[in-house]
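Q: Below is query_12.txt; it holds compact mmCIF, C-alpha atoms.
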# COMPACT_ATOMS: atom_id res chain seq x y z
CA ASP A 1349 -18.55 -24.93 105.97
CA LEU A 1350 -15.80 -27.53 105.56
CA VAL A 1351 -13.68 -25.33 103.32
CA LYS A 1352 -13.54 -22.64 106.01
CA ILE A 1353 -12.62 -25.31 108.57
CA LEU A 1354 -9.54 -26.07 106.44
CA GLN A 1355 -8.11 -22.87 107.94
CA ASP A 1356 -8.67 -23.99 111.55
CA GLU A 1357 -5.70 -23.72 113.92
CA ASP A 1358 -6.13 -27.34 115.02
CA LEU A 1359 -4.31 -29.69 112.65
CA ASN A 1360 -6.59 -32.62 113.40
CA VAL A 1361 -9.63 -30.49 112.59
CA ARG A 1362 -8.08 -29.45 109.26
CA ARG A 1363 -7.24 -33.05 108.42
CA SER A 1364 -10.77 -34.21 109.21
CA ALA A 1365 -12.26 -31.43 107.08
CA ALA A 1366 -9.98 -32.28 104.16
CA ILE A 1367 -10.86 -35.99 104.34
CA ALA A 1368 -14.57 -35.16 104.52
CA LEU A 1369 -14.25 -32.98 101.42
CA GLU A 1370 -12.64 -35.88 99.59
CA LYS A 1371 -15.85 -37.83 100.20
CA ILE A 1372 -18.47 -35.18 99.51
CA GLY A 1373 -16.65 -33.02 96.95
CA ALA A 1374 -16.54 -29.27 96.40
CA VAL A 1375 -17.87 -26.66 93.97
CA ALA A 1376 -16.25 -23.81 92.03
CA SER A 1377 -16.99 -21.27 94.79
CA ASP A 1378 -14.86 -23.38 97.15
CA VAL A 1379 -11.70 -23.03 95.04
CA PRO A 1380 -10.28 -19.93 96.82
CA GLY A 1381 -10.41 -21.78 100.13
CA LEU A 1382 -8.92 -24.90 98.57
CA VAL A 1383 -6.09 -22.84 97.12
CA LYS A 1384 -5.23 -21.67 100.63
CA ALA A 1385 -5.28 -25.27 101.82
CA LEU A 1386 -2.76 -26.23 99.14
CA GLN A 1387 -0.27 -24.15 101.09
CA ASP A 1388 -0.92 -25.92 104.40
CA ASP A 1389 2.17 -27.07 106.29
CA ASP A 1390 0.70 -30.55 106.64
CA PRO A 1391 1.21 -32.90 103.66
CA GLN A 1392 -1.96 -34.86 104.50
CA VAL A 1393 -4.07 -31.72 104.19
CA ARG A 1394 -2.32 -30.77 100.95
CA ARG A 1395 -2.81 -34.27 99.53
CA SER A 1396 -6.52 -34.36 100.34
CA THR A 1397 -6.98 -30.89 98.87
CA VAL A 1398 -5.34 -31.91 95.60
CA VAL A 1399 -7.61 -34.97 95.46
CA VAL A 1400 -10.67 -32.76 95.93
CA LEU A 1401 -9.52 -30.50 93.09
CA SER A 1402 -8.82 -33.49 90.85
CA ARG A 1403 -12.46 -34.50 91.11
CA MET A 1404 -13.74 -31.04 90.21
CA GLY A 1405 -12.53 -31.14 86.62
CA PRO A 1406 -12.71 -27.79 84.76
CA ALA A 1407 -14.33 -26.13 87.79
CA GLY A 1408 -10.92 -26.21 89.47
CA LYS A 1409 -9.21 -24.06 86.84
CA ASP A 1410 -8.54 -21.14 89.18
CA ALA A 1411 -6.30 -23.40 91.27
CA VAL A 1412 -3.92 -24.12 88.38
CA PRO A 1413 -1.51 -21.18 89.06
CA VAL A 1414 -0.93 -22.55 92.57
CA LEU A 1415 -0.96 -26.22 91.57
CA ILE A 1416 1.74 -25.70 88.95
CA ARG A 1417 3.94 -24.06 91.59
CA LEU A 1418 3.32 -26.76 94.19
CA GLN A 1419 6.76 -28.37 94.11
CA ASP A 1420 6.00 -30.75 96.93
CA GLN A 1421 8.63 -32.93 98.57
CA ASP A 1422 5.98 -35.66 98.75
CA ALA A 1423 6.25 -37.59 95.46
CA GLU A 1424 2.65 -38.81 95.74
CA ILE A 1425 1.39 -35.24 95.92
CA GLY A 1426 3.52 -34.32 92.91
CA ASN A 1427 1.95 -37.13 90.89
CA LEU A 1428 -1.53 -36.11 92.03
CA VAL A 1429 -0.89 -32.53 90.96
CA ALA A 1430 0.03 -33.68 87.44
CA SER A 1431 -3.10 -35.81 87.10
CA THR A 1432 -5.25 -33.03 88.58
CA ILE A 1433 -4.12 -30.49 86.00
CA THR A 1434 -4.80 -33.07 83.30
CA ALA A 1435 -8.30 -33.57 84.72
CA ILE A 1436 -8.92 -29.82 84.69
CA GLY A 1437 -8.13 -30.00 80.99
CA PRO A 1438 -8.41 -27.18 78.43
CA THR A 1439 -9.44 -24.57 80.98
CA ALA A 1440 -5.96 -24.94 82.53
CA VAL A 1441 -4.18 -23.88 79.33
CA PRO A 1442 -4.17 -20.05 79.87
CA ALA A 1443 -2.57 -20.42 83.31
CA LEU A 1444 -0.04 -22.92 81.96
CA ILE A 1445 0.91 -20.57 79.12
CA GLU A 1446 1.48 -17.80 81.66
CA ALA A 1447 3.63 -20.18 83.73
CA LEU A 1448 5.98 -20.64 80.76
CA ASP A 1449 7.37 -17.19 81.68
CA ASP A 1450 7.73 -17.90 85.40
CA GLU A 1451 11.10 -17.02 86.92
CA ASP A 1452 11.42 -20.51 88.41
CA PRO A 1453 12.79 -23.04 85.85
CA GLN A 1454 11.01 -25.92 87.59
CA VAL A 1455 7.66 -24.16 87.25
CA ARG A 1456 8.37 -23.62 83.55
CA ARG A 1457 9.27 -27.30 83.11
CA SER A 1458 6.12 -28.37 84.94
CA ALA A 1459 4.01 -26.13 82.72
CA VAL A 1460 5.47 -27.65 79.55
CA THR A 1461 4.91 -31.18 80.83
CA ALA A 1462 1.33 -30.35 81.79
CA LEU A 1463 0.62 -28.87 78.35
CA GLU A 1464 1.95 -32.01 76.72
CA ARG A 1465 -0.29 -34.19 78.90
CA ILE A 1466 -3.51 -32.40 77.98
CA ARG A 1467 -2.97 -32.42 74.21
CA PRO A 1468 -4.63 -31.86 71.80
CA ALA A 1469 -6.55 -29.38 73.94
CA ALA A 1470 -3.30 -27.44 74.38
CA ARG A 1471 -3.03 -26.56 70.67
CA SER A 1472 -3.57 -22.89 71.52
CA ALA A 1473 -0.29 -22.99 73.48
CA VAL A 1474 1.80 -23.76 70.38
CA PRO A 1475 2.97 -20.14 69.74
CA ALA A 1476 4.05 -19.78 73.38
CA LEU A 1477 5.83 -23.15 73.26
CA ILE A 1478 7.68 -22.13 70.12
CA ASN A 1479 8.91 -19.02 71.92
CA ALA A 1480 9.98 -21.25 74.81
CA LEU A 1481 12.47 -23.04 72.54
CA ASN A 1482 14.83 -20.23 73.50
CA ASP A 1483 14.71 -21.32 77.15
CA GLN A 1484 17.71 -23.56 77.84
CA HIS A 1485 15.96 -25.06 80.88
CA THR A 1486 12.93 -26.32 78.96
CA ARG A 1487 13.81 -26.56 75.26
CA SER A 1488 14.11 -30.36 75.11
CA LEU A 1489 10.74 -30.75 76.86
CA VAL A 1490 9.24 -28.08 74.62
CA ALA A 1491 10.46 -29.82 71.48
CA ARG A 1492 8.86 -33.06 72.60
CA ALA A 1493 5.61 -31.29 73.44
CA LEU A 1494 5.51 -29.57 70.07
CA ILE A 1495 6.07 -32.82 68.25
CA GLY A 1496 3.21 -34.35 70.23
CA LEU A 1497 0.93 -31.40 69.53
CA ARG A 1498 1.83 -31.44 65.83
CA PRO A 1499 1.17 -27.79 65.02
CA VAL A 1500 -0.51 -27.71 61.64
CA ALA A 1501 -1.08 -24.01 61.03
CA ASP A 1502 1.31 -22.59 58.43
CA ASP A 1503 2.24 -19.70 60.72
CA ASP A 1504 3.07 -22.10 63.54
CA LEU A 1505 5.20 -24.29 61.29
CA ARG A 1506 7.11 -21.28 59.98
CA ALA A 1507 7.72 -20.04 63.52
CA PHE A 1508 8.85 -23.50 64.64
CA THR A 1509 11.30 -23.75 61.74
CA LYS A 1510 12.57 -20.23 62.41
CA ALA A 1511 13.17 -21.11 66.06
CA LEU A 1512 15.12 -24.19 65.05
CA LYS A 1513 17.21 -22.25 62.54
CA GLY A 1514 17.71 -19.48 65.08
CA GLY A 1515 19.85 -21.74 67.21
CA GLY A 1516 17.62 -22.74 70.13
CA LEU A 1517 18.00 -26.51 69.93
CA ASN A 1518 21.06 -26.29 67.70
CA ASN A 1519 23.13 -25.09 70.66
CA ALA A 1520 22.83 -28.44 72.47
CA GLN A 1521 24.86 -31.29 70.99
CA THR A 1522 22.38 -34.06 71.84
CA ALA A 1523 19.39 -32.08 70.59
CA ARG A 1524 21.28 -31.04 67.45
CA ALA A 1525 21.95 -34.67 66.56
CA LEU A 1526 18.28 -35.55 67.08
CA TYR A 1527 16.48 -32.63 65.45
CA TYR A 1528 18.91 -31.50 62.71
CA ARG A 1529 20.38 -32.91 59.54
CA ASP A 1530 24.13 -33.11 58.94
CA ASP A 1531 24.11 -29.81 57.07
CA GLY A 1532 22.65 -28.03 60.10
CA SER A 1533 19.14 -27.59 58.73
CA PRO A 1534 16.16 -28.95 60.71
CA HIS A 1535 14.49 -32.15 59.60
CA PRO A 1536 11.41 -31.53 57.44
CA VAL A 1537 7.86 -31.84 58.74
CA GLY A 1538 6.87 -35.51 58.85
CA HIS A 1539 10.37 -36.77 59.59
CA VAL A 1540 10.33 -39.68 62.05
CA LEU A 1541 12.59 -38.97 65.02
CA ARG A 1542 14.49 -41.90 66.47
CA ASN A 1543 16.24 -41.71 69.82
CA PRO A 1544 17.94 -45.07 70.53
CA ALA A 1545 19.43 -43.86 73.82
CA LEU A 1546 16.02 -42.88 75.17
CA ALA A 1547 14.56 -46.15 73.90
CA ARG A 1548 17.21 -48.11 75.81
CA VAL A 1549 16.54 -46.17 79.01
CA LEU A 1550 12.78 -46.67 78.74
CA GLY A 1551 13.34 -50.34 77.99
CA ARG A 1552 15.39 -50.77 81.15
CA ILE A 1553 12.77 -48.98 83.22
CA ALA A 1554 10.05 -51.21 81.77
CA ALA A 1555 12.08 -54.35 82.47
CA GLU A 1556 13.60 -53.47 85.84
CA GLY A 1557 11.19 -50.97 87.35
CA PRO A 1558 12.57 -48.66 90.07
CA ASP A 1559 15.79 -50.71 90.28
CA ALA A 1560 16.83 -49.24 86.92
CA PHE A 1561 17.46 -45.92 88.66
CA TYR A 1562 19.99 -47.28 91.14
Just give me the structure of the file as structure tokens.

A:
Amino acid sequence: DLVKILQDEDLNVRRSAAIALEKIGAVASDVPGLVKALQDDDPQVRRSTVVVLSRMGPAGKDAVPVLIRLQDQDAEIGNLVASTITAIGPTAVPALIEALDDEDPQVRRSAVTALERIRPAARSAVPALINALNDQHTRSLVARALIGLRPVADDDLRAFTKALKGGGLNNAQTARALYYRDDGSPHPVGHVLRNPALARVLGRIAAEGPDAFY
């Protein structure tokens, strides 16, 4: 059983098992063992494990609580985690909603970003995202996600407006200028948001690539 071998004391054995699993794949019953492998000290084992999960699609849903907390120093693994959660799709939403209340701000930010990536399947997360507008660590990401999800239910729209009027985004100068009118009231539904500063930054990144960051 290759998944059991992922727990072997010999690093080379674990690496070989992880690479083999990349080639042959895994099934839902393997997820508990794969979750343990996500916490391996070796980045190569972690990377291969994430790849295996990315190819499982919805069957990998039970790994989401660990994936969303996998704040890996390896940028490649971080990117793989994001694409893996997207591949898992709608079945990841309940775990992502729960992660919005995590004590770690980075986990909360990752959960918001993941929910935005899997829209419109994340529509059920709208009420939780509206509540998250009160979180100073995530509110700008949450606002963007909500705009992308375009909540259409009357109750959701009323809650969104209430959150805006309640001061969540209105407490941040940049967000206030973007999401509110001069009289302090939020822009109406259907208003087109324009963010020239963000457009300039994205334009530089598109033109200069990584050099734009230095």

Q: Might you pull out every residue within 12 Å of Gly1373 of chain A, with only C-alpha atoms counted and same-chain residues fewer than 6 positions away left off, and present them as a PyMOL selection string?

A: chain A and resi 1350-1351+1365-1367+1379+1382+1396-1405+1407-1408

Q: Atom CA of Ala1469 of chain A to atom CA of Gln1454 of chain A: how many Å, to one decimal?

A: 22.5 Å

Q: Using only C-alpha atoms, which of A:Pro1544, A:Asp1483, A:Lys1371, A:Asp1390 sits nearest Glu1357 of chain A?

A: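 Closest to Glu1357 of chain A of all the choices is A:Asp1390.
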
Q: What is the atom CA of Thr1439 of chain A to atom CA of Lys1352 of chain A distance in Å?

A: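 Between atom CA of Thr1439 of chain A and atom CA of Lys1352 of chain A the gap works out to 25.4 Å.
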
Q: For Thr1461 of chain A, find every residue with an atom within 10 Å (counting all atoms listed in the file), except residues of its own chain fewer than 5 positions away, and show them as a count of residues only.

A: 10

Q: Please write segment 1368-1386 of chain A of the preceding block to a file containing N, CA, C and O atoms, as a CSV table (one decimal), in the first residue's frame?

A:
chain,number,residue,atom,x,y,z
A,1368,ALA,N,5.3,7.7,-7.1
A,1368,ALA,CA,4.5,6.6,-7.7
A,1368,ALA,C,3.0,6.9,-7.6
A,1368,ALA,O,2.3,6.6,-8.6
A,1369,LEU,N,2.6,7.5,-6.5
A,1369,LEU,CA,1.2,7.9,-6.4
A,1369,LEU,C,0.8,8.9,-7.4
A,1369,LEU,O,-0.4,9.0,-7.9
A,1370,GLU,N,1.7,9.8,-7.7
A,1370,GLU,CA,1.5,10.8,-8.7
A,1370,GLU,C,1.1,10.2,-10.1
A,1370,GLU,O,0.2,10.7,-10.8
A,1371,LYS,N,1.7,9.0,-10.3
A,1371,LYS,CA,1.5,8.4,-11.6
A,1371,LYS,C,0.3,7.5,-11.6
A,1371,LYS,O,-0.4,7.4,-12.7
A,1372,ILE,N,0.0,6.8,-10.5
A,1372,ILE,CA,-1.1,5.9,-10.5
A,1372,ILE,C,-2.4,6.4,-9.9
A,1372,ILE,O,-3.5,5.9,-10.1
A,1373,GLY,N,-2.3,7.5,-9.1
A,1373,GLY,CA,-3.4,8.1,-8.5
A,1373,GLY,C,-3.8,7.5,-7.2
A,1373,GLY,O,-3.2,6.5,-6.7
A,1374,ALA,N,-4.9,8.0,-6.6
A,1374,ALA,CA,-5.4,7.6,-5.3
A,1374,ALA,C,-6.9,7.6,-5.3
A,1374,ALA,O,-7.5,8.2,-6.2
A,1375,VAL,N,-7.5,7.0,-4.3
A,1375,VAL,CA,-9.0,7.0,-4.2
A,1375,VAL,C,-9.4,7.7,-2.9
A,1375,VAL,O,-8.5,8.0,-2.0
A,1376,ALA,N,-10.7,7.9,-2.7
A,1376,ALA,CA,-11.2,8.6,-1.5
A,1376,ALA,C,-10.7,8.0,-0.2
A,1376,ALA,O,-10.4,8.7,0.8
A,1377,SER,N,-10.6,6.7,-0.1
A,1377,SER,CA,-10.2,6.0,1.1
A,1377,SER,C,-8.7,6.3,1.4
A,1377,SER,O,-8.3,6.0,2.5
A,1378,ASP,N,-8.0,6.8,0.5
A,1378,ASP,CA,-6.6,7.1,0.7
A,1378,ASP,C,-6.4,8.5,1.3
A,1378,ASP,O,-5.3,8.8,1.8
A,1379,VAL,N,-7.4,9.3,1.4
A,1379,VAL,CA,-7.3,10.7,1.8
A,1379,VAL,C,-6.7,10.8,3.2
A,1379,VAL,O,-5.8,11.7,3.4
A,1380,PRO,N,-7.1,10.0,4.2
A,1380,PRO,CA,-6.5,10.2,5.5
A,1380,PRO,C,-5.0,10.0,5.5
A,1380,PRO,O,-4.3,10.8,6.2
A,1381,GLY,N,-4.5,9.1,4.8
A,1381,GLY,CA,-3.1,8.9,4.7
A,1381,GLY,C,-2.4,10.0,3.9
A,1381,GLY,O,-1.3,10.4,4.3
A,1382,LEU,N,-3.1,10.6,2.9
A,1382,LEU,CA,-2.5,11.7,2.2
A,1382,LEU,C,-2.5,12.9,3.0
A,1382,LEU,O,-1.5,13.8,2.9
A,1383,VAL,N,-3.5,13.1,3.9
A,1383,VAL,CA,-3.5,14.2,4.8
A,1383,VAL,C,-2.3,14.2,5.7
A,1383,VAL,O,-1.6,15.2,6.0
A,1384,LYS,N,-1.9,13.0,6.2
A,1384,LYS,CA,-0.7,12.9,7.0
A,1384,LYS,C,0.5,13.3,6.3
A,1384,LYS,O,1.4,13.9,6.8
A,1385,ALA,N,0.5,12.9,5.0
A,1385,ALA,CA,1.7,13.2,4.2
A,1385,ALA,C,1.9,14.6,3.9
A,1385,ALA,O,3.0,15.1,3.6
A,1386,LEU,N,0.8,15.4,3.9
A,1386,LEU,CA,0.8,16.8,3.7
A,1386,LEU,C,1.7,17.5,4.8
A,1386,LEU,O,2.1,18.6,4.6
